[in-house]
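J.: Dropping in input-v3.txt, with compact mmCIF, C-alpha atoms.
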# COMPACT_ATOMS: atom_id res chain seq x y z
CA MET A 140 0.00 0.00 0.00
CA GLU A 141 1.34 3.44 -0.92
CA ALA A 142 1.90 5.85 1.96
CA THR A 143 -0.51 8.33 0.37
CA GLU A 144 -3.39 5.83 0.25
CA VAL A 145 -6.03 6.05 2.96
CA VAL A 146 -7.93 2.78 3.07
CA LEU A 147 -10.93 1.68 5.10
CA VAL A 148 -10.65 -2.05 5.79
CA ALA A 149 -13.23 -4.23 7.50
CA ASP A 150 -13.67 -7.77 8.76
CA VAL A 151 -17.44 -8.25 8.93
CA GLY A 152 -17.80 -11.66 10.51
CA LYS A 153 -20.52 -13.67 12.18
CA SER A 154 -19.29 -12.94 15.69
CA ARG A 155 -17.57 -9.58 15.28
CA CYS A 156 -17.27 -6.60 12.95
CA ARG A 157 -13.90 -4.81 12.93
CA VAL A 158 -12.92 -1.76 10.93
CA GLU A 159 -9.62 0.04 10.59
CA LEU A 160 -8.55 3.21 8.84
CA ARG A 161 -5.04 2.91 7.45
CA SER A 162 -2.61 5.22 5.69
CA GLY A 163 0.15 3.15 4.15
CA ASP A 164 1.47 0.95 6.96
CA GLU A 165 0.13 3.30 9.64
CA LEU A 166 -3.00 2.42 11.62
CA LEU A 167 -4.98 5.64 12.08
CA GLY A 168 -7.86 4.21 14.10
CA ALA A 169 -9.90 1.08 14.82
CA ALA A 170 -13.35 0.14 16.06
CA ASP A 171 -15.36 -3.06 16.54
CA GLN A 172 -18.74 -4.35 17.61
CA HIS A 173 -21.06 -7.35 17.09
CA GLY A 174 -21.21 -9.44 13.91
CA PHE A 175 -24.04 -10.45 11.54
CA PRO A 176 -25.41 -13.66 9.93
CA GLY A 177 -23.69 -13.30 6.54
CA VAL A 178 -24.06 -11.41 3.26
CA HIS A 179 -25.79 -14.42 1.66
CA VAL A 180 -28.94 -14.19 3.82
CA ASP A 181 -32.08 -12.24 2.91
CA ASN A 182 -31.22 -8.55 2.85
CA GLY A 183 -27.62 -9.56 3.58
CA PRO A 184 -25.90 -6.76 1.60
CA THR A 185 -27.94 -4.12 3.42
CA LEU A 186 -27.27 -5.70 6.81
CA ALA A 187 -23.53 -5.82 6.13
CA PHE A 188 -23.50 -2.28 4.72
CA GLU A 189 -25.35 -0.80 7.68
CA LEU A 190 -23.21 -2.68 10.21
CA LEU A 191 -20.02 -1.53 8.52
CA LEU A 192 -21.23 2.09 8.52
CA GLU A 193 -22.28 1.85 12.19
CA THR A 194 -18.87 0.50 13.13
CA THR A 195 -17.08 3.10 11.03
CA ALA A 196 -19.05 5.78 12.89
CA LEU A 197 -17.36 4.57 16.10
CA LEU A 198 -13.97 5.68 14.77
CA PRO A 199 -12.60 8.93 16.25
CA PRO A 200 -14.25 11.85 14.40
CA SER A 201 -10.90 13.51 13.73
CA LEU A 202 -9.81 10.77 11.30
CA PRO A 203 -9.53 11.67 7.59
CA ILE A 204 -12.44 9.55 6.30
CA SER A 205 -13.07 12.15 3.60
CA THR A 206 -9.67 11.39 2.02
CA LEU A 207 -10.37 7.68 1.46
CA THR A 208 -8.86 6.13 -1.66
CA ALA A 209 -10.34 2.60 -1.35
CA VAL A 210 -12.48 0.25 0.75
CA GLY A 211 -11.74 -3.44 1.34
CA ALA A 212 -14.13 -5.70 3.24
CA ALA A 213 -13.70 -9.34 4.27
CA VAL A 214 -17.27 -10.52 4.82
CA ALA A 215 -18.89 -13.71 6.08
CA GLY A 216 -21.07 -15.54 3.55
CA VAL A 217 -19.35 -14.21 0.41
CA GLU A 218 -18.67 -17.69 -0.96
CA ALA A 219 -22.42 -18.42 -0.89
CA SER A 220 -23.52 -15.51 -3.12
CA ALA A 221 -21.36 -13.71 -5.67
CA GLU A 222 -24.33 -11.55 -6.69
CA LYS A 223 -24.95 -10.23 -3.19
CA SER A 224 -21.22 -9.72 -2.66
CA ARG A 225 -21.01 -7.55 -5.78
CA GLU A 226 -24.10 -5.67 -4.60
CA LEU A 227 -22.37 -4.90 -1.31
CA ALA A 228 -19.24 -3.74 -3.16
CA THR A 229 -21.36 -1.35 -5.22
CA MET A 230 -23.10 -0.01 -2.12
CA LEU A 231 -19.76 0.68 -0.44
CA SER A 232 -18.28 2.27 -3.56
CA ASN A 233 -21.30 4.56 -3.99
CA ARG A 234 -21.27 5.54 -0.33
CA PHE A 235 -17.58 6.48 -0.18
CA SER A 236 -17.04 7.37 -3.88
CA VAL A 237 -13.94 5.15 -4.10
CA PRO A 238 -13.21 1.64 -5.45
CA ALA A 239 -14.49 -1.13 -3.19
CA ALA A 240 -13.53 -4.80 -2.94
CA VAL A 241 -15.50 -7.50 -1.10
CA LEU A 242 -14.10 -10.97 -0.45
CA SER A 243 -14.65 -13.88 1.91
CA ASP A 244 -12.98 -13.83 5.30
CA ALA A 245 -11.08 -17.02 4.41
CA THR A 246 -9.77 -15.57 1.13
CA ALA A 247 -8.76 -12.40 2.96
CA ALA A 248 -6.93 -14.44 5.60
CA GLN A 249 -4.98 -16.34 2.92
CA LEU A 250 -4.21 -13.09 1.10
CA GLY A 251 -2.93 -11.45 4.27
CA ALA A 252 -0.98 -14.44 5.53
CA LEU A 253 0.94 -14.93 2.27
CA GLN A 254 0.73 -11.34 0.96
CA GLY A 255 -1.00 -12.37 -2.24
CA GLY A 256 1.26 -15.31 -3.02
CA PRO A 257 0.21 -18.92 -3.62
CA GLY A 258 0.11 -21.37 -0.75
CA THR A 259 -2.03 -22.81 2.02
CA THR A 260 -3.50 -21.12 5.08
CA LEU A 261 -5.19 -22.97 7.94
CA ILE A 262 -7.70 -20.93 9.90
CA VAL A 263 -8.73 -22.35 13.28
CA GLY A 264 -11.24 -20.20 15.09
CA THR A 265 -14.82 -21.05 15.99
CA GLY A 266 -14.76 -22.83 12.61
CA ALA A 267 -11.92 -24.47 10.70
CA VAL A 268 -10.90 -24.31 7.05
CA ALA A 269 -7.76 -24.77 4.95
CA PHE A 270 -7.43 -22.54 1.88
CA ARG A 271 -4.84 -22.92 -0.87
CA PHE A 272 -4.44 -20.82 -3.99
CA ASP A 273 -2.12 -22.34 -6.57
CA GLY A 274 0.01 -20.30 -8.95
CA SER A 275 -2.83 -20.15 -11.47
CA GLY A 276 -5.21 -18.67 -8.93
CA VAL A 277 -7.32 -21.81 -8.54
CA LEU A 278 -8.78 -22.28 -5.08
CA HIS A 279 -8.37 -25.59 -3.26
CA ARG A 280 -10.15 -25.83 0.08
CA ALA A 281 -10.88 -28.40 2.72
CA ASP A 282 -13.58 -28.21 5.40
CA GLY A 283 -15.09 -24.90 6.43
CA TRP A 284 -18.50 -26.54 6.00
CA GLY A 285 -20.03 -25.08 9.15
CA PRO A 286 -20.89 -26.55 12.57
CA TYR A 287 -23.50 -29.02 11.33
CA LEU A 288 -21.48 -30.71 8.59
CA GLY A 289 -17.85 -29.73 9.17
CA ASP A 290 -15.43 -27.41 10.97
CA GLN A 291 -13.75 -30.45 12.46
CA GLY A 292 -10.98 -29.70 14.95
CA SER A 293 -12.18 -26.12 15.37
CA GLY A 294 -12.76 -24.15 18.55
CA ARG A 295 -16.42 -25.15 18.43
CA TRP A 296 -15.44 -28.80 17.92
CA ILE A 297 -12.93 -28.82 20.79
CA GLY A 298 -15.37 -27.08 23.13
CA GLN A 299 -18.19 -29.44 22.16
CA GLN A 300 -16.02 -32.50 22.68
CA GLY A 301 -15.02 -31.13 26.07
CA LEU A 302 -18.62 -30.54 27.14
CA GLN A 303 -19.58 -34.01 25.96
CA ALA A 304 -16.72 -35.41 28.06
CA VAL A 305 -18.08 -33.50 31.06
CA LEU A 306 -21.50 -35.09 30.71
CA HIS A 307 -19.96 -38.51 30.06
CA ALA A 308 -17.96 -38.19 33.29
CA TYR A 309 -21.09 -37.03 35.12
CA ASP A 310 -22.80 -40.21 33.92
CA GLY A 311 -19.97 -42.31 35.36
CA GLY A 312 -17.56 -42.34 32.42
CA PRO A 313 -13.83 -41.56 32.55
CA THR A 314 -13.00 -38.99 35.20
CA THR A 315 -11.65 -35.66 34.03
CA SER A 316 -10.82 -32.26 35.49
CA LEU A 317 -13.16 -30.83 32.83
CA LEU A 318 -16.04 -31.79 35.14
CA ALA A 319 -14.92 -29.14 37.62
CA ALA A 320 -13.97 -26.72 34.84
CA ALA A 321 -17.57 -26.73 33.60
CA GLY A 322 -18.42 -24.86 36.79
CA ALA A 323 -17.30 -21.73 34.96
CA LEU A 324 -20.41 -22.11 32.81
CA VAL A 325 -23.07 -23.73 35.01
CA GLU A 326 -23.57 -24.71 38.66
CA SER A 327 -24.10 -28.36 37.76
CA PRO A 328 -23.29 -30.38 34.60
CA GLU A 329 -26.92 -31.44 34.28
CA LEU A 330 -27.73 -27.79 33.48
CA LEU A 331 -25.46 -27.73 30.42
CA PRO A 332 -28.10 -28.73 27.82
CA GLY A 333 -30.47 -26.00 29.01
CA TRP A 334 -27.66 -23.44 29.18
CA LEU A 335 -26.63 -24.21 25.61
CA ALA A 336 -30.22 -24.06 24.34
CA LYS A 337 -30.54 -20.50 25.65
CA GLN A 338 -27.44 -19.22 23.88
CA GLU A 339 -27.97 -16.85 20.95
CA ASN A 340 -24.97 -18.40 19.21
CA PRO A 341 -24.53 -21.96 20.57
CA TYR A 342 -21.43 -22.64 18.45
CA ARG A 343 -19.58 -19.65 19.84
CA ALA A 344 -20.81 -20.61 23.31
CA MET A 345 -19.31 -24.10 22.96
CA ALA A 346 -16.05 -22.53 21.76
CA ARG A 347 -15.91 -20.64 25.07
CA PHE A 348 -15.05 -23.95 26.72
CA THR A 349 -12.05 -24.52 24.44
CA PRO A 350 -9.52 -22.54 26.56
CA LEU A 351 -10.51 -24.69 29.54
CA VAL A 352 -9.98 -27.88 27.53
CA LEU A 353 -6.57 -26.58 26.44
CA HIS A 354 -5.66 -25.68 30.03
CA ALA A 355 -6.69 -29.13 31.26
CA ALA A 356 -4.70 -30.82 28.48
CA GLU A 357 -1.61 -28.75 29.25
CA ALA A 358 -1.95 -29.82 32.90
CA GLY A 359 -1.95 -33.47 31.83
CA ASP A 360 -5.64 -34.38 31.90
CA VAL A 361 -5.89 -37.59 29.86
CA VAL A 362 -9.38 -36.93 28.49
CA ALA A 363 -8.52 -33.38 27.44
CA LEU A 364 -5.24 -34.52 25.88
CA LYS A 365 -7.13 -37.08 23.81
CA ILE A 366 -9.48 -34.36 22.52
CA ILE A 367 -6.61 -32.04 21.61
CA GLY A 368 -4.64 -34.84 19.99
CA GLU A 369 -7.63 -35.76 17.84
CA ALA A 370 -8.14 -32.11 16.86
CA CYS A 371 -4.52 -31.92 15.68
CA ARG A 372 -4.89 -35.15 13.71
CA ILE A 373 -8.06 -33.88 12.03
CA LEU A 374 -6.57 -30.48 11.20
CA THR A 375 -3.46 -32.13 9.75
CA THR A 376 -5.70 -34.16 7.45
CA THR A 377 -7.55 -30.98 6.48
CA VAL A 378 -4.28 -29.30 5.48
CA LYS A 379 -3.16 -32.39 3.56
CA LEU A 380 -6.42 -32.40 1.58
CA ALA A 381 -6.10 -28.71 0.70
CA SER A 382 -2.43 -29.21 -0.23
CA GLU A 383 -2.99 -32.11 -2.64
CA GLY A 384 -1.45 -31.23 -5.97
CA ASP A 385 1.00 -28.75 -4.43
CA ASP A 386 4.07 -29.06 -6.65
CA SER A 387 6.52 -27.93 -3.99
CA SER A 388 8.77 -30.61 -2.48
CA SER A 389 7.70 -29.59 1.02
CA PRO A 390 4.16 -28.16 1.40
CA ARG A 391 3.97 -25.14 3.67
CA VAL A 392 1.08 -23.72 5.66
CA ALA A 393 0.48 -20.51 7.60
CA MET A 394 -1.80 -20.81 10.64
CA LEU A 395 -4.29 -18.17 11.76
CA GLY A 396 -7.20 -17.99 14.19
CA GLY A 397 -7.85 -17.70 17.88
CA VAL A 398 -7.22 -21.36 18.74
CA VAL A 399 -3.66 -21.38 17.35
CA GLU A 400 -2.87 -18.33 19.47
CA SER A 401 -2.44 -20.93 22.23
CA GLU A 402 1.28 -21.78 22.09
CA PHE A 403 0.54 -25.15 23.66
CA PHE A 404 -1.94 -26.08 20.94
CA ALA A 405 0.08 -24.49 18.13
CA GLU A 406 3.18 -26.52 19.09
CA LEU A 407 1.23 -29.79 19.13
CA LEU A 408 -0.28 -28.94 15.76
CA ARG A 409 3.14 -28.03 14.32
CA LYS A 410 4.48 -31.43 15.37
CA SER A 411 1.48 -33.18 13.84
CA LEU A 412 1.90 -31.28 10.57
CA ALA A 413 5.65 -31.91 10.54
CA SER A 414 5.02 -35.65 10.88
CA ALA A 415 2.98 -35.35 7.66
CA GLY A 416 5.82 -33.51 5.90
CA ILE A 417 4.17 -30.09 6.13
CA GLU A 418 6.19 -27.04 7.22
CA VAL A 419 4.52 -24.29 9.25
CA VAL A 420 5.51 -20.75 8.27
CA GLU A 421 4.78 -17.53 10.11
CA PRO A 422 1.86 -15.58 8.58
CA LEU A 423 2.86 -12.22 7.13
CA GLY A 424 -0.50 -10.64 8.00
CA ASP A 425 -4.14 -11.33 8.83
CA GLY A 426 -7.57 -10.94 7.25
CA LEU A 427 -7.58 -7.16 7.59
CA ASP A 428 -4.23 -7.04 5.81
CA GLY A 429 -5.75 -9.22 3.09
CA ALA A 430 -8.73 -6.88 2.74
CA ALA A 431 -6.34 -3.94 2.39
CA LEU A 432 -4.36 -5.77 -0.28
CA ALA A 433 -7.52 -6.59 -2.24
CA ALA A 434 -8.60 -2.94 -2.03
CA THR A 435 -5.34 -1.50 -3.28
CA ARG A 436 -4.03 -4.05 -5.79
CA ARG A 437 -5.57 -5.62 -8.87
CA GLY A 438 -4.43 -8.62 -10.86
CA LEU A 439 -3.88 -10.77 -7.76
CA ILE A 440 -3.91 -14.54 -8.30
CA GLN A 441 -7.01 -14.58 -6.07
CA GLU A 442 -8.73 -12.03 -8.33
CA ARG A 443 -11.60 -14.26 -9.45
CA TYR A 444 -12.67 -14.58 -5.80
CA ILE A 445 -12.67 -10.82 -5.17
CA HIS A 446 -15.92 -8.98 -5.91
CA ARG A 447 -15.38 -5.42 -7.05
CA ASP A 448 -17.85 -2.61 -7.52
CA GLY A 449 -17.74 -2.84 -11.30
CA THR A 450 -16.86 0.79 -11.89
CA ASN A 451 -13.86 1.39 -14.12
CA TRP A 452 -11.72 3.11 -11.54
CA PRO A 453 -8.17 3.94 -12.57
CA ASP A 454 -5.49 1.42 -11.59
Represent the structure from my file as structure tokens, please.

T.:
Amino acid sequence: MEATEVVLVADVGKSRCRVELRSGDELLGAADQHGFPGVHVDNGPTLAFELLLETTALLPPSLPISTLTAVGAAVAGVEASAEKSRELATMLSNRFSVPAAVLSDATAAQLGALQGGPGTTLIVGTGAVAFRFDGSGVLHRADGWGPYLGDQGSGRWIGQQGLQAVLHAYDGGPTTSLLAAAGALVESPELLPGWLAKQENPYRAMARFTPLVLHAAEAGDVVALKIIGEACRILTTTVKLASEGDDSSSPRVAMLGGVVESEFFAELLRKSLASAGIEVVEPLGDGLDGAALAATRRGLIQERYIHRDGTNWPD
């Protein structure tokens, strides 16, 4: 990004909406609030547009919004509707009178992690997906199919497995320190089903238990260690599937997401990936960096997955 460019970047996800105003490599201001269901739902472009504007309004009023040169938004649900994604890009472009780019949060994460280059990115948050763009710009993905049909090894998955282990222990199954850890959520394990049913976002609620599972595993709890070990095995398989056809002698992957921020978990996952011949490399950026790159550069190998406003803005 040129130092003279002032770019509004956003990560409009299901659990959180973040916006940043950047000038070159300088962060001028940031704001965040709640997320939304996804741009693919009924009235999705309008919901995303209004949420992005509301969050932008939380930025300090002294920031130079009027000097914007581009908008880049990583948005949940993009992969499910190209038409609605282009509609959102047009709405943003018309509102700010600058070029606008809309792309999926996973594509933005891969873009940011590898700075537009080919390669694989594993994202382990509430969900889990591996994304690889080859040198021709073709997307290869594995998992990311949501909490009902996929997202194996994710924060939701780990938390759910942990809660199931709690109830199994309560029924007389293998003992585990997770039984006591569940006290952070409910007074008694038998209240867990009702607690979960009342949650606005049950998948995110289950993921709240993941740090406790990780803590128990790090302390040597056998049940928790089994859950974490299985998550690493599953995620390694996910990366292998996304990396099939990679011509490099040693496939490489960058890891992003809240779960891999745990050094304990990240180290176990690195070892699992290494045993499969996959090298872990440090990500060069995140999804917001990817959104900024999409907003300010054209002709990326990921271009076919970036939805632009359609106006012939100058390069």

J.: Just want the 8 Å neighbourhood of range 290-294 of chain A, counted on only C-alpha atoms, with same-chain residues fewer than 2 positions away dropped. Output as a PyMOL selection string.

T.: chain A and resi 263-268+282-286+288+296-298+345-346+349+369-371+373-374+398

J.: Work out how far CA of Leu207 in chain A is from CA of Phe188 in chain A, in Å to one decimal.

T.: 16.8 Å

J.: May I have the residues within 8 Å of range 419-435 of chain A as a PyMOL selection string, using only C-alpha atoms and disregarding those fewer than 5 positions away in the same chain?

T.: chain A and resi 140+146-150+209-213+238-242+244-255+391-395+409+412-413+445

J.: When distances are computed from only C-alpha atoms, which of A:Ala358, A:Ala363, A:Leu197, A:Leu353 shows the smallest separation from Glu402 in chain A?

T.: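 Checking each candidate against Glu402 in chain A, we get A:Leu353 as the closest.
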
J.: So that I can check the surroundings of His307 in chain A, please list as a list in words every protein, DNA and RNA residue that reaches within 10 Å of it, counting all atoms listed in the file and ignoring chain neighbours fewer than 6 positions away.

T.: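 The residues satisfying every condition are Gly301, Pro313, Thr314, Thr315, Leu318 and Pro328 of chain A.
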
J.: For Tyr287 in chain A, which residue out of A:Lys365, A:Tyr342, A:Gly384, A:Leu192 is the nearest one, using all atoms listed in the file?

T.: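 The closest residue to Tyr287 in chain A is A:Tyr342.
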
J.: Using CA of Val145 in chain A and CA of Leu167 in chain A as the two end points, give the distance in Å to one decimal.

T.: 9.2 Å

J.: Between CA of Leu261 in chain A and CA of Arg372 in chain A, what is the spacing in Å?

T.: 13.5 Å

J.: So that I can see what lies close to Ala219 in chain A, please list as a PDB file with C-alpha atoms, in the coordinates of the input the residues with an atom at most 10 Å from it, counting all atoms listed in the file and leaving out residues fewer than 2 positions away in the same chain.

T.:
ATOM      1  CA  GLY A 177     -23.690 -13.300   6.540  1.00  0.00           C
ATOM      2  CA  VAL A 178     -24.060 -11.410   3.260  1.00  0.00           C
ATOM      3  CA  HIS A 179     -25.790 -14.420   1.660  1.00  0.00           C
ATOM      4  CA  VAL A 180     -28.940 -14.190   3.820  1.00  0.00           C
ATOM      5  CA  ALA A 215     -18.890 -13.710   6.080  1.00  0.00           C
ATOM      6  CA  GLY A 216     -21.070 -15.540   3.550  1.00  0.00           C
ATOM      7  CA  VAL A 217     -19.350 -14.210   0.410  1.00  0.00           C
ATOM      8  CA  ALA A 221     -21.360 -13.710  -5.670  1.00  0.00           C
ATOM      9  CA  GLU A 222     -24.330 -11.550  -6.690  1.00  0.00           C
ATOM     10  CA  LYS A 223     -24.950 -10.230  -3.190  1.00  0.00           C
ATOM     11  CA  SER A 224     -21.220  -9.720  -2.660  1.00  0.00           C
ATOM     12  CA  SER A 243     -14.650 -13.880   1.910  1.00  0.00           C
TER      13      SER A 243
END

J.: Pick from A:Gln441, A:Ser275, A:Gln299, A:Ser411: nearest to Ala321 in chain A, with only C-alpha atoms counted?

T.: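 Result for the nearest residue to Ala321 in chain A: A:Gln299.
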